[in-house]
Structure formats: C-alpha cells, structure tokens
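See below for model.pdb, which holds PDB, C-alpha atoms.
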```pdb
ATOM      1  CA  ILE A 398       3.817 -15.710  -7.828
ATOM      2  CA  ASP A 399       0.686 -13.714  -8.597
ATOM      3  CA  GLN A 400       0.438 -11.309  -5.652
ATOM      4  CA  SER A 401      -3.311 -10.889  -6.253
ATOM      5  CA  ASP A 402      -4.104 -14.627  -5.998
ATOM      6  CA  GLN A 403      -4.837 -15.661  -2.406
ATOM      7  CA  THR A 404      -4.440 -19.351  -3.268
ATOM      8  CA  LYS A 405      -0.722 -18.774  -3.975
ATOM      9  CA  GLN A 406       0.148 -16.641  -0.959
ATOM     10  CA  GLY A 407       0.967 -19.334   1.612
ATOM     11  CA  LEU A 408       0.086 -18.997   5.284
ATOM     12  CA  VAL A 409      -1.278 -15.814   6.865
ATOM     13  CA  PRO A 410       0.952 -15.034   9.891
ATOM     14  CA  PRO A 411      -1.009 -14.244  13.089
ATOM     15  CA  MET A 412      -0.765 -10.841  14.777
ATOM     16  CA  PHE A 413      -0.332 -10.240  18.526
ATOM     17  CA  HIS A 414      -1.267  -6.942  20.185
ATOM     18  CA  GLU A 415      -1.619  -6.179  23.898
ATOM     19  CA  GLY A 416      -2.873  -9.601  24.930
ATOM     20  CA  LEU A 417      -4.980 -10.189  21.824
ATOM     21  CA  LEU A 418      -4.137 -12.681  19.086
ATOM     22  CA  PHE A 419      -5.550 -12.112  15.596
ATOM     23  CA  VAL A 420      -5.616 -15.099  13.228
ATOM     24  CA  ALA A 421      -7.066 -15.694   9.748
ATOM     25  CA  PRO A 422      -6.078 -19.255   8.752
ATOM     26  CA  ASN A 423      -6.072 -20.046   5.048
ATOM     27  CA  ASP A 424      -8.013 -23.256   5.641
ATOM     28  CA  GLY A 425     -10.767 -21.384   7.488
ATOM     29  CA  ASN A 426     -13.326 -18.786   6.571
ATOM     30  CA  ARG A 427     -13.089 -16.376   9.518
ATOM     31  CA  LEU A 428     -10.910 -13.747  11.134
ATOM     32  CA  TRP A 429     -10.570 -14.456  14.865
ATOM     33  CA  CYS A 430      -9.648 -12.239  17.816
ATOM     34  CA  ILE A 431      -8.573 -14.465  20.732
ATOM     35  CA  GLU A 432      -7.542 -13.474  24.260
ATOM     36  CA  ALA A 433      -4.045 -14.932  24.521
ATOM     37  CA  ASP A 434      -4.086 -15.639  28.278
ATOM     38  CA  SER A 435      -7.433 -17.468  28.361
ATOM     39  CA  GLY A 436      -8.045 -18.671  24.809
ATOM     40  CA  ARG A 437     -11.469 -17.025  24.879
ATOM     41  CA  VAL A 438     -12.740 -15.743  21.543
ATOM     42  CA  ARG A 439     -13.274 -11.978  21.839
ATOM     43  CA  TRP A 440     -14.876 -11.673  18.388
ATOM     44  CA  GLN A 441     -14.870 -13.209  14.947
ATOM     45  CA  LYS A 442     -15.664 -12.010  11.429
ATOM     46  CA  PRO A 443     -16.591 -14.090   8.363
ATOM     47  CA  GLN A 444     -14.229 -13.825   5.416
ATOM     48  CA  PRO A 445     -15.551 -11.929   2.364
ATOM     49  CA  ALA A 446     -16.223 -13.729  -0.895
ATOM     50  CA  ARG A 447     -13.416 -15.958  -2.159
ATOM     51  CA  GLY A 448     -12.075 -13.389  -4.599
ATOM     52  CA  ASP A 449     -11.576 -10.851  -1.816
ATOM     53  CA  ARG A 450     -10.274 -12.902   1.125
ATOM     54  CA  TRP A 451      -8.042 -11.195   3.684
ATOM     55  CA  ARG A 452      -4.508 -12.329   2.955
ATOM     56  CA  HIS A 453      -2.492  -9.965   5.145
ATOM     57  CA  LEU A 454      -2.825  -8.788   8.754
ATOM     58  CA  LEU A 455      -0.782  -5.589   8.526
ATOM     59  CA  GLY A 456      -0.842  -4.576  12.180
ATOM     60  CA  VAL A 457      -2.653  -2.408  14.701
ATOM     61  CA  ALA A 458      -2.806   1.353  14.187
ATOM     62  CA  ALA A 459      -4.359   4.242  16.102
ATOM     63  CA  GLY A 460      -8.106   4.769  15.863
ATOM     64  CA  GLY A 461     -11.309   3.359  17.242
ATOM     65  CA  GLY A 462     -11.197   2.694  20.994
ATOM     66  CA  ASN A 463      -7.856   0.962  21.608
ATOM     67  CA  GLY A 464      -6.698   0.701  18.019
ATOM     68  CA  GLN A 465      -7.645  -0.656  14.613
ATOM     69  CA  LEU A 466      -6.536  -3.906  13.029
ATOM     70  CA  ILE A 467      -5.623  -3.239   9.386
ATOM     71  CA  VAL A 468      -6.190  -6.163   7.007
ATOM     72  CA  SER A 469      -5.830  -6.426   3.254
ATOM     73  CA  GLY A 470      -6.556  -8.646   0.284
ATOM     74  CA  ASN A 471      -7.891  -7.241  -2.960
ATOM     75  CA  SER A 472      -9.480  -4.648  -0.657
ATOM     76  CA  LEU A 473      -8.250  -2.793   2.442
ATOM     77  CA  ARG A 474     -10.207  -2.707   5.732
ATOM     78  CA  ALA A 475      -9.908  -1.648   9.372
ATOM     79  CA  PHE A 476     -11.557  -3.242  12.425
ATOM     80  CA  ASP A 477     -11.819  -2.002  16.011
ATOM     81  CA  VAL A 478      -9.559  -4.357  17.982
ATOM     82  CA  GLU A 479     -11.932  -4.518  20.968
ATOM     83  CA  THR A 480     -15.246  -5.136  19.221
ATOM     84  CA  GLY A 481     -14.460  -6.236  15.650
ATOM     85  CA  ARG A 482     -16.574  -3.385  14.301
ATOM     86  CA  GLU A 483     -15.511  -2.382  10.798
ATOM     87  CA  THR A 484     -14.361   1.238  10.989
ATOM     88  CA  TRP A 485     -13.566   1.845   7.314
ATOM     89  CA  LYS A 486     -12.917   0.023   4.057
ATOM     90  CA  ILE A 487     -11.623   0.535   0.538
ATOM     91  CA  LEU A 488     -13.293  -2.058  -1.669
ATOM     92  CA  ALA A 489     -11.752  -3.335  -4.880
ATOM     93  CA  SER A 490     -15.116  -2.715  -6.562
ATOM     94  CA  GLU A 491     -14.809   1.001  -5.712
ATOM     95  CA  THR A 492     -11.499   1.429  -7.540
ATOM     96  CA  THR A 493      -9.935   0.233 -10.767
ATOM     97  CA  GLU A 494      -7.046  -1.263  -8.783
ATOM     98  CA  ARG A 495      -6.806  -4.223  -6.413
ATOM     99  CA  GLY A 496      -4.320  -5.059  -3.695
ATOM    100  CA  TYR A 497      -1.135  -6.642  -5.029
ATOM    101  CA  GLY A 498       1.138  -7.825  -2.230
ATOM    102  CA  ARG A 499       1.579  -7.059   1.460
ATOM    103  CA  GLY A 500       1.401  -3.427   2.554
ATOM    104  CA  VAL A 501       3.045  -1.800   5.550
ATOM    105  CA  LEU A 502       2.051   0.541   8.381
ATOM    106  CA  ALA A 503       4.137   3.708   8.660
ATOM    107  CA  GLY A 504       2.975   5.900  11.543
ATOM    108  CA  ASN A 505      -0.490   7.196  10.705
ATOM    109  CA  THR A 506      -0.347   5.912   7.137
ATOM    110  CA  VAL A 507      -1.026   2.583   5.462
ATOM    111  CA  ILE A 508       1.186   2.113   2.417
ATOM    112  CA  TRP A 509      -0.820  -0.283   0.253
ATOM    113  CA  PRO A 510       0.464  -1.759  -3.038
ATOM    114  CA  THR A 511      -1.714  -2.413  -6.058
ATOM    115  CA  ARG A 512      -0.560  -3.776  -9.393
ATOM    116  CA  GLU A 513      -0.175  -0.316 -10.949
ATOM    117  CA  ALA A 514       0.512   1.997  -8.008
ATOM    118  CA  ILE A 515       1.356   2.459  -4.352
ATOM    119  CA  GLN A 516      -1.456   4.052  -2.369
ATOM    120  CA  PHE A 517      -0.987   6.037   0.842
ATOM    121  CA  VAL A 518      -4.061   5.835   3.101
ATOM    122  CA  ASP A 519      -4.857   7.682   6.344
ATOM    123  CA  VAL A 520      -5.334   5.012   9.032
ATOM    124  CA  ALA A 521      -7.764   7.150  11.055
ATOM    125  CA  THR A 522     -10.259   7.750   8.242
ATOM    126  CA  GLY A 523      -9.445   5.340   5.420
ATOM    127  CA  GLN A 524      -9.123   8.301   3.067
ATOM    128  CA  ALA A 525      -6.524   8.163   0.298
ATOM    129  CA  ILE A 526      -3.693  10.638   0.878
ATOM    130  CA  ARG A 527      -1.962  10.111  -2.454
ATOM    131  CA  ASN A 528      -1.520   7.599  -5.219
ATOM    132  CA  VAL A 529       1.974   7.058  -6.656
ATOM    133  CA  PRO A 530       1.933   5.350 -10.081
ATOM    134  CA  MET A 531       4.492   2.585 -10.588
ATOM    135  CA  ASN A 532       4.260   2.541 -14.389
ATOM    136  CA  THR A 533       5.949   5.829 -15.360
ATOM    137  CA  PRO A 534       8.161   7.157 -18.178
ATOM    138  CA  ASP A 535      11.164   6.291 -15.961
ATOM    139  CA  ALA A 536      10.315   2.627 -15.486
ATOM    140  CA  ALA A 537       7.519   0.119 -15.868
ATOM    141  CA  GLU A 538       7.201  -1.303 -12.354
ATOM    142  CA  THR A 539       4.511  -3.127 -10.388
ATOM    143  CA  GLY A 540       3.461  -3.459  -6.780
ATOM    144  CA  GLY A 541       4.595  -6.259  -4.479
ATOM    145  CA  ASN A 542       5.331  -6.974  -0.819
ATOM    146  CA  LEU A 543       6.462  -3.814   0.972
ATOM    147  CA  THR A 544       8.792  -3.095   3.871
ATOM    148  CA  ILE A 545      10.687  -0.036   5.102
ATOM    149  CA  ALA A 546      14.410  -0.190   5.898
ATOM    150  CA  GLY A 547      17.058   2.514   6.183
ATOM    151  CA  GLY A 548      14.655   5.217   5.084
ATOM    152  CA  MET A 549      13.896   3.304   1.886
ATOM    153  CA  LEU A 550      10.627   1.773   0.773
ATOM    154  CA  LEU A 551      11.452  -1.718  -0.529
ATOM    155  CA  VAL A 552       9.096  -3.421  -3.000
ATOM    156  CA  ALA A 553       9.551  -7.179  -3.436
ATOM    157  CA  GLN A 554       8.112  -7.691  -6.907
ATOM    158  CA  PRO A 555       7.590 -11.161  -8.413
ATOM    159  CA  GLU A 556      11.027 -11.171 -10.057
ATOM    160  CA  LYS A 557      13.082  -8.399  -8.427
ATOM    161  CA  LEU A 558      13.529  -6.096  -5.442
ATOM    162  CA  VAL A 559      13.091  -2.343  -6.018
ATOM    163  CA  ALA A 560      14.093   0.380  -3.525
ATOM    164  CA  TYR A 561      12.461   3.814  -3.447
ATOM    165  CA  GLY A 562      14.044   6.688  -1.568
ATOM    166  CA  GLU A 563      12.906  10.237  -0.930
ATOM    167  CA  TYR A 564      13.880  11.407  -4.419
ATOM    168  CA  SER A 565      12.263   8.428  -6.147
ATOM    169  CA  LEU A 566       8.847   9.130  -4.636
ATOM    170  CA  LEU A 567       9.202  12.824  -5.395
ATOM    171  CA  LYS A 568       9.977  12.006  -9.030
ATOM    172  CA  GLU A 569       6.874   9.812  -9.192
ATOM    173  CA  ARG A 570       4.708  12.671  -7.906
ATOM    174  CA  LEU A 571       6.219  15.134 -10.400
ATOM    175  CA  HIS A 572       5.550  12.774 -13.315
ATOM    176  CA  GLN A 573       1.966  12.398 -12.092
ATOM    177  CA  LYS A 574       1.506  16.184 -11.986
ATOM    178  CA  LEU A 575       3.092  16.594 -15.423
ATOM    179  CA  SER A 576       0.472  14.277 -16.904
ATOM    180  CA  THR A 577      -2.416  16.352 -15.537
ATOM    181  CA  THR A 578      -1.370  19.993 -15.987
ATOM    182  CA  SER A 579      -0.695  22.282 -18.926
ATOM    183  CA  ASP A 580       1.736  24.502 -16.957
ATOM    184  CA  LYS A 581       4.721  22.151 -17.065
ATOM    185  CA  VAL A 582       7.786  24.428 -17.095
ATOM    186  CA  GLY A 583       8.236  24.753 -13.321
ATOM    187  CA  LEU A 584       7.695  21.033 -12.792
ATOM    188  CA  LEU A 585      10.229  20.186 -15.514
ATOM    189  CA  TYR A 586      12.883  22.379 -13.849
ATOM    190  CA  GLN A 587      12.179  20.633 -10.507
ATOM    191  CA  LEU A 588      12.570  17.249 -12.165
ATOM    192  CA  ALA A 589      15.862  18.288 -13.780
ATOM    193  CA  GLU A 590      17.175  19.495 -10.388
ATOM    194  CA  ILE A 591      16.325  16.154  -8.767
ATOM    195  CA  GLU A 592      18.060  14.192 -11.534
ATOM    196  CA  ALA A 593      21.159  16.380 -11.178
ATOM    197  CA  SER A 594      21.232  16.066  -7.373
ATOM    198  CA  THR A 595      21.203  12.264  -7.630
ATOM    199  CA  GLY A 596      23.944  12.208 -10.258
ATOM    200  CA  GLU A 597      21.658  11.217 -13.128
ATOM    201  CA  LEU A 598      23.073  13.784 -15.546
ATOM    202  CA  GLU A 599      21.827  12.096 -18.707
ATOM    203  CA  ALA A 600      18.319  11.836 -17.250
ATOM    204  CA  MET A 601      18.537  15.541 -16.320
ATOM    205  CA  ILE A 602      18.965  16.634 -19.933
ATOM    206  CA  LYS A 603      15.539  15.569 -21.220
ATOM    207  CA  PRO A 604      13.295  17.586 -18.794
ATOM    208  CA  LEU A 605      15.723  20.537 -18.927
ATOM    209  CA  ARG A 606      15.642  20.616 -22.751
ATOM    210  CA  THR A 607      11.855  20.355 -22.755
ATOM    211  CA  ALA A 608      11.567  23.184 -20.214
ATOM    212  CA  LEU A 609      13.873  25.465 -22.214
ATOM    213  CA  GLN A 610      11.922  24.799 -25.398
ATOM    214  CA  SER A 611       8.687  25.680 -23.586
ATOM    215  CA  ASP A 612       9.955  29.032 -22.236
TER     216      ASP A 612
END
```
Give the structure from this file in structure tokens form.
Amino acid sequence: IDQSDQTKQGLVPPMFHEGLLFVAPNDGNRLWCIEADSGRVRWQKPQPARGDRWRHLLGVAAGGGNGQLIVSGNSLRAFDVETGRETWKILASETTERGYGRGVLAGNTVIWPTREAIQFVDVATGQAIRNVPMNTPDAAETGGNLTIAGGMLLVAQPEKLVAYGEYSLLKERLHQKLSTTSDKVGLLYQLAEIEASTGELEAMIKPLRTALQSD
C-alpha cells in the first residue's frame, strides 16, 4: 500500500476528547467537531485539495485554549479544539518531503513519518525539532505507520516492521552529522562505541578504522 495515497488508506478513525468527537469521513470533504452529548456541530473545516486530504487524526495535544487537534496527510496541521482555528501547519509544498503513514504523539512532540525520514515536531509551535533520515549507510528504510511500545519506536512499512530503540536513533543522528561536518574523528569514535555496546562488533570496525586513519 502506498502510504502517501489517501485513496488506499481505508477509513479515518474518529477521535474523542473531553466530550468532543472529531470525524473526517473519507466519503466527505470536511473535518467535523461534534459535541458528543448533544450531536451539535461545534465547528467544521473544509478538506484541502484532493492531493493533500487529511488522512490521520493523531490526537489532541497541549496548546491553544484547551488543546490542539493534530491531523496529517501529505502535510501536518494543528487546530484549536474549541474553535477550529488553525494554530500551525507544515505544508508539503514547503518541504521536499510529504507525509508517508500515520504519525504518533509523544508528550510534547509529534513524530511524523515521511518517505525518506522521521520528523520530530514541537506540538506547541509546529517547529521542527530534528529530522532523522531513514535512508542511511546502515540501511535503506522508509517511513510508515508509527507506534511506540516498550520504549521502541515501531515503523510499519509497506512490507515489514522495523523497530528503533535509543541507540538506533542516536546512530541515525551521528550519521547525519557525519555527512555535514569535516571534523569527523570524535563522531566516528562515538559511533564505534555504540556499535560495540550493542554487540555489533563487525559494524564497530569500520568507523573505528576510519577514525584511526584520520588521527
């Protein structure tokens, strides 16, 4: 399944939060906020253009008055739960990457998958905290549907399930830094230490040899 194609994503599950029901049916063209006890429509928003429909209601996070509803498709947006006012957005047209699968809320952070990377976004401001590439010298991976379990970030890709732990994300950040700096020796030693601590002795040899040759 192409995670960037809204026509192949199935139904969009509704979201309930403190007496409010948020729904974005696939056969409609609006996002609705409905008072669950009365059925009264609190607010509604028209869907963006077809290529950027909201496919995922990720949940309600802090911000705005009583919280922000975080929604995603090719883009990522936040709406005030009380008024429907858009509080921030990251448009696909503003970046080279588009949403690719369902993201997840983790405290004050939205973890949002694209085809080439996993982006960490501050829920209060919509500002990117960091971008972790998926296509690295270690492995050529893609985004997918995300969830967090047992301290691991799980990525359900089209054909497999990939788990990232603390060391995996740290390795991704080190590889990213190595590609953008000329002072690589310290980073290479850090990478070798991580490989050794996780039992990947063969993988440890390459950065350690490169670091020694650079000294």
Wanna dump the segment 510-531 of chain A-segment 536-546 of chain A contacts at 8 Å for me, each residue with its shortest atom pair and the distance in Å to one decimal, counting all atoms listed in the file, ordered by chain and number, as CSV?
```
residue,atom,partner,partner_atom,distance
A:Pro510,CA,A:Gly540,CA,5.1
A:Thr511,CA,A:Gly540,CA,5.3
A:Arg512,CA,A:Gly540,CA,4.8
A:Glu513,CA,A:Thr539,CA,5.5
A:Ala514,CA,A:Gly540,CA,6.3
A:Ile515,CA,A:Gly540,CA,6.7
A:Met531,CA,A:Glu538,CA,5.1
```
Could you write out the selected residues, including C-alpha atoms, as a tab-separated table (two decimals), in the frame of the given file?
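In the end it all went to result_14.tsv:
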```tsv
chain	number	residue	atom	x	y	z
A	510	PRO	CA	0.46	-1.76	-3.04
A	511	THR	CA	-1.71	-2.41	-6.06
A	512	ARG	CA	-0.56	-3.78	-9.39
A	513	GLU	CA	-0.18	-0.32	-10.95
A	514	ALA	CA	0.51	2.00	-8.01
A	515	ILE	CA	1.36	2.46	-4.35
A	531	MET	CA	4.49	2.58	-10.59
```
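Note on the selection: in this file the PyMOL selection byres ((chain A and resi 445) around 12) comes out as Ala421, Gly425, Asn426, Arg427, Leu428, Lys442, Pro443, Gln444, Ala446, Arg447, Gly448, Asp449, Arg450, Trp451, Arg452, Val468, Ser469, Gly470, Asn471, Ser472, Leu473, Arg474, Leu488 and Ala489 of chain A.
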Can you tell me which residues surround Val420 of chain A at a distance of at most 9 Å, considering only C-alpha atoms, apart from same-chain residues fewer than 6 positions away, and format the answer as a tab-separated table (two decimals) with C-alpha atoms, keeping the file's coordinate frame?
```tsv
chain	number	residue	atom	x	y	z
A	409	VAL	CA	-1.28	-15.81	6.86
A	410	PRO	CA	0.95	-15.03	9.89
A	411	PRO	CA	-1.01	-14.24	13.09
A	412	MET	CA	-0.76	-10.84	14.78
A	413	PHE	CA	-0.33	-10.24	18.53
A	427	ARG	CA	-13.09	-16.38	9.52
A	428	LEU	CA	-10.91	-13.75	11.13
A	429	TRP	CA	-10.57	-14.46	14.86
A	430	CYS	CA	-9.65	-12.24	17.82
A	431	ILE	CA	-8.57	-14.46	20.73
A	454	LEU	CA	-2.82	-8.79	8.75
```
- In terms of the shortest atom-to-atom distance over all atoms listed in the file, which of A:Val501, A:Val552, A:Ile508, A:Ala475 is closest to Ala521 of chain A? A:Ala475
- Query: Do you have the atom CA of Gly500 of chain A-atom CA of Glu415 of chain A distance handy?
  - Reply: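 Between atom CA of Gly500 of chain A and atom CA of Glu415 of chain A the gap is 21.7 Å.
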Give me segment 443-476 of chain A with N, CA and C atoms filled in, as a PDB file, in the frame of the given file.
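The result, stored in rebuild_6.pdb:
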```pdb
ATOM      1  N   PRO A 443     -16.658 -13.203   9.535  1.00  0.00           N
ATOM      2  CA  PRO A 443     -16.591 -14.090   8.363  1.00  0.00           C
ATOM      3  C   PRO A 443     -15.748 -13.451   7.258  1.00  0.00           C
ATOM      4  N   GLN A 444     -15.007 -14.299   6.553  1.00  0.00           N
ATOM      5  CA  GLN A 444     -14.229 -13.825   5.416  1.00  0.00           C
ATOM      6  C   GLN A 444     -15.173 -13.346   4.316  1.00  0.00           C
ATOM      7  N   PRO A 445     -14.753 -12.333   3.533  1.00  0.00           N
ATOM      8  CA  PRO A 445     -15.551 -11.929   2.364  1.00  0.00           C
ATOM      9  C   PRO A 445     -15.572 -13.051   1.327  1.00  0.00           C
ATOM     10  N   ALA A 446     -16.170 -12.762   0.195  1.00  0.00           N
ATOM     11  CA  ALA A 446     -16.223 -13.729  -0.895  1.00  0.00           C
ATOM     12  C   ALA A 446     -14.817 -14.178  -1.278  1.00  0.00           C
ATOM     13  N   ARG A 447     -14.718 -15.345  -1.872  1.00  0.00           N
ATOM     14  CA  ARG A 447     -13.416 -15.958  -2.159  1.00  0.00           C
ATOM     15  C   ARG A 447     -12.461 -15.028  -2.899  1.00  0.00           C
ATOM     16  N   GLY A 448     -12.955 -14.266  -3.825  1.00  0.00           N
ATOM     17  CA  GLY A 448     -12.075 -13.389  -4.599  1.00  0.00           C
ATOM     18  C   GLY A 448     -11.557 -12.196  -3.832  1.00  0.00           C
ATOM     19  N   ASP A 449     -12.012 -12.015  -2.591  1.00  0.00           N
ATOM     20  CA  ASP A 449     -11.576 -10.851  -1.816  1.00  0.00           C
ATOM     21  C   ASP A 449     -11.210 -11.244  -0.390  1.00  0.00           C
ATOM     22  N   ARG A 450     -10.672 -12.459  -0.212  1.00  0.00           N
ATOM     23  CA  ARG A 450     -10.274 -12.902   1.125  1.00  0.00           C
ATOM     24  C   ARG A 450      -9.168 -12.025   1.683  1.00  0.00           C
ATOM     25  N   TRP A 451      -9.120 -11.929   3.024  1.00  0.00           N
ATOM     26  CA  TRP A 451      -8.042 -11.195   3.684  1.00  0.00           C
ATOM     27  C   TRP A 451      -6.800 -12.064   3.681  1.00  0.00           C
ATOM     28  N   ARG A 452      -5.745 -11.571   3.080  1.00  0.00           N
ATOM     29  CA  ARG A 452      -4.508 -12.329   2.955  1.00  0.00           C
ATOM     30  C   ARG A 452      -3.387 -11.802   3.837  1.00  0.00           C
ATOM     31  N   HIS A 453      -3.561 -10.569   4.351  1.00  0.00           N
ATOM     32  CA  HIS A 453      -2.492  -9.965   5.145  1.00  0.00           C
ATOM     33  C   HIS A 453      -3.072  -9.262   6.368  1.00  0.00           C
ATOM     34  N   LEU A 454      -2.531  -9.551   7.547  1.00  0.00           N
ATOM     35  CA  LEU A 454      -2.825  -8.788   8.754  1.00  0.00           C
ATOM     36  C   LEU A 454      -1.655  -7.825   8.933  1.00  0.00           C
ATOM     37  N   LEU A 455      -1.884  -6.548   8.616  1.00  0.00           N
ATOM     38  CA  LEU A 455      -0.782  -5.589   8.526  1.00  0.00           C
ATOM     39  C   LEU A 455      -0.330  -5.061   9.879  1.00  0.00           C
ATOM     40  N   GLY A 456      -1.221  -5.090  10.872  1.00  0.00           N
ATOM     41  CA  GLY A 456      -0.842  -4.576  12.180  1.00  0.00           C
ATOM     42  C   GLY A 456      -1.958  -3.760  12.792  1.00  0.00           C
ATOM     43  N   VAL A 457      -1.688  -3.223  13.977  1.00  0.00           N
ATOM     44  CA  VAL A 457      -2.653  -2.408  14.701  1.00  0.00           C
ATOM     45  C   VAL A 457      -2.193  -0.961  14.680  1.00  0.00           C
ATOM     46  N   ALA A 458      -3.095  -0.073  14.279  1.00  0.00           N
ATOM     47  CA  ALA A 458      -2.806   1.353  14.187  1.00  0.00           C
ATOM     48  C   ALA A 458      -3.780   2.116  15.082  1.00  0.00           C
ATOM     49  N   ALA A 459      -3.493   3.398  15.283  1.00  0.00           N
ATOM     50  CA  ALA A 459      -4.359   4.242  16.102  1.00  0.00           C
ATOM     51  C   ALA A 459      -5.743   4.358  15.480  1.00  0.00           C
ATOM     52  N   GLY A 460      -6.736   4.605  16.333  1.00  0.00           N
ATOM     53  CA  GLY A 460      -8.106   4.769  15.863  1.00  0.00           C
ATOM     54  C   GLY A 460      -9.049   3.862  16.615  1.00  0.00           C
ATOM     55  N   GLY A 461     -10.333   4.140  16.499  1.00  0.00           N
ATOM     56  CA  GLY A 461     -11.309   3.359  17.242  1.00  0.00           C
ATOM     57  C   GLY A 461     -11.138   3.591  18.732  1.00  0.00           C
ATOM     58  N   GLY A 462     -11.388   2.570  19.559  1.00  0.00           N
ATOM     59  CA  GLY A 462     -11.197   2.694  20.994  1.00  0.00           C
ATOM     60  C   GLY A 462      -9.740   2.516  21.386  1.00  0.00           C
ATOM     61  N   ASN A 463      -9.244   1.280  21.239  1.00  0.00           N
ATOM     62  CA  ASN A 463      -7.856   0.962  21.608  1.00  0.00           C
ATOM     63  C   ASN A 463      -7.003   0.601  20.400  1.00  0.00           C
ATOM     64  N   GLY A 464      -7.465   0.967  19.224  1.00  0.00           N
ATOM     65  CA  GLY A 464      -6.698   0.701  18.019  1.00  0.00           C
ATOM     66  C   GLY A 464      -7.528   0.026  16.954  1.00  0.00           C
ATOM     67  N   GLN A 465      -6.977  -0.036  15.750  1.00  0.00           N
ATOM     68  CA  GLN A 465      -7.645  -0.656  14.613  1.00  0.00           C
ATOM     69  C   GLN A 465      -6.728  -1.706  14.000  1.00  0.00           C
ATOM     70  N   LEU A 466      -7.268  -2.875  13.755  1.00  0.00           N
ATOM     71  CA  LEU A 466      -6.536  -3.906  13.029  1.00  0.00           C
ATOM     72  C   LEU A 466      -6.708  -3.633  11.540  1.00  0.00           C
ATOM     73  N   ILE A 467      -5.586  -3.506  10.825  1.00  0.00           N
ATOM     74  CA  ILE A 467      -5.623  -3.239   9.386  1.00  0.00           C
ATOM     75  C   ILE A 467      -5.381  -4.551   8.646  1.00  0.00           C
ATOM     76  N   VAL A 468      -6.308  -4.918   7.772  1.00  0.00           N
ATOM     77  CA  VAL A 468      -6.190  -6.163   7.007  1.00  0.00           C
ATOM     78  C   VAL A 468      -6.341  -5.842   5.519  1.00  0.00           C
ATOM     79  N   SER A 469      -5.741  -6.691   4.693  1.00  0.00           N
ATOM     80  CA  SER A 469      -5.830  -6.426   3.254  1.00  0.00           C
ATOM     81  C   SER A 469      -5.938  -7.726   2.472  1.00  0.00           C
ATOM     82  N   GLY A 470      -6.485  -7.595   1.292  1.00  0.00           N
ATOM     83  CA  GLY A 470      -6.556  -8.646   0.284  1.00  0.00           C
ATOM     84  C   GLY A 470      -6.629  -7.895  -1.030  1.00  0.00           C
ATOM     85  N   ASN A 471      -7.649  -8.127  -1.824  1.00  0.00           N
ATOM     86  CA  ASN A 471      -7.891  -7.241  -2.960  1.00  0.00           C
ATOM     87  C   ASN A 471      -8.378  -5.888  -2.477  1.00  0.00           C
ATOM     88  N   SER A 472      -8.997  -5.875  -1.278  1.00  0.00           N
ATOM     89  CA  SER A 472      -9.480  -4.648  -0.657  1.00  0.00           C
ATOM     90  C   SER A 472      -8.672  -4.363   0.603  1.00  0.00           C
ATOM     91  N   LEU A 473      -8.933  -3.208   1.215  1.00  0.00           N
ATOM     92  CA  LEU A 473      -8.250  -2.793   2.442  1.00  0.00           C
ATOM     93  C   LEU A 473      -9.309  -2.409   3.468  1.00  0.00           C
ATOM     94  N   ARG A 474      -9.194  -2.949   4.707  1.00  0.00           N
ATOM     95  CA  ARG A 474     -10.207  -2.707   5.732  1.00  0.00           C
ATOM     96  C   ARG A 474      -9.554  -2.485   7.089  1.00  0.00           C
ATOM     97  N   ALA A 475     -10.342  -1.871   7.994  1.00  0.00           N
ATOM     98  CA  ALA A 475      -9.908  -1.648   9.372  1.00  0.00           C
ATOM     99  C   ALA A 475     -11.011  -2.094  10.326  1.00  0.00           C
ATOM    100  N   PHE A 476     -10.609  -2.764  11.421  1.00  0.00           N
ATOM    101  CA  PHE A 476     -11.557  -3.242  12.425  1.00  0.00           C
ATOM    102  C   PHE A 476     -11.123  -2.761  13.810  1.00  0.00           C
TER     103      PHE A 476
END
```
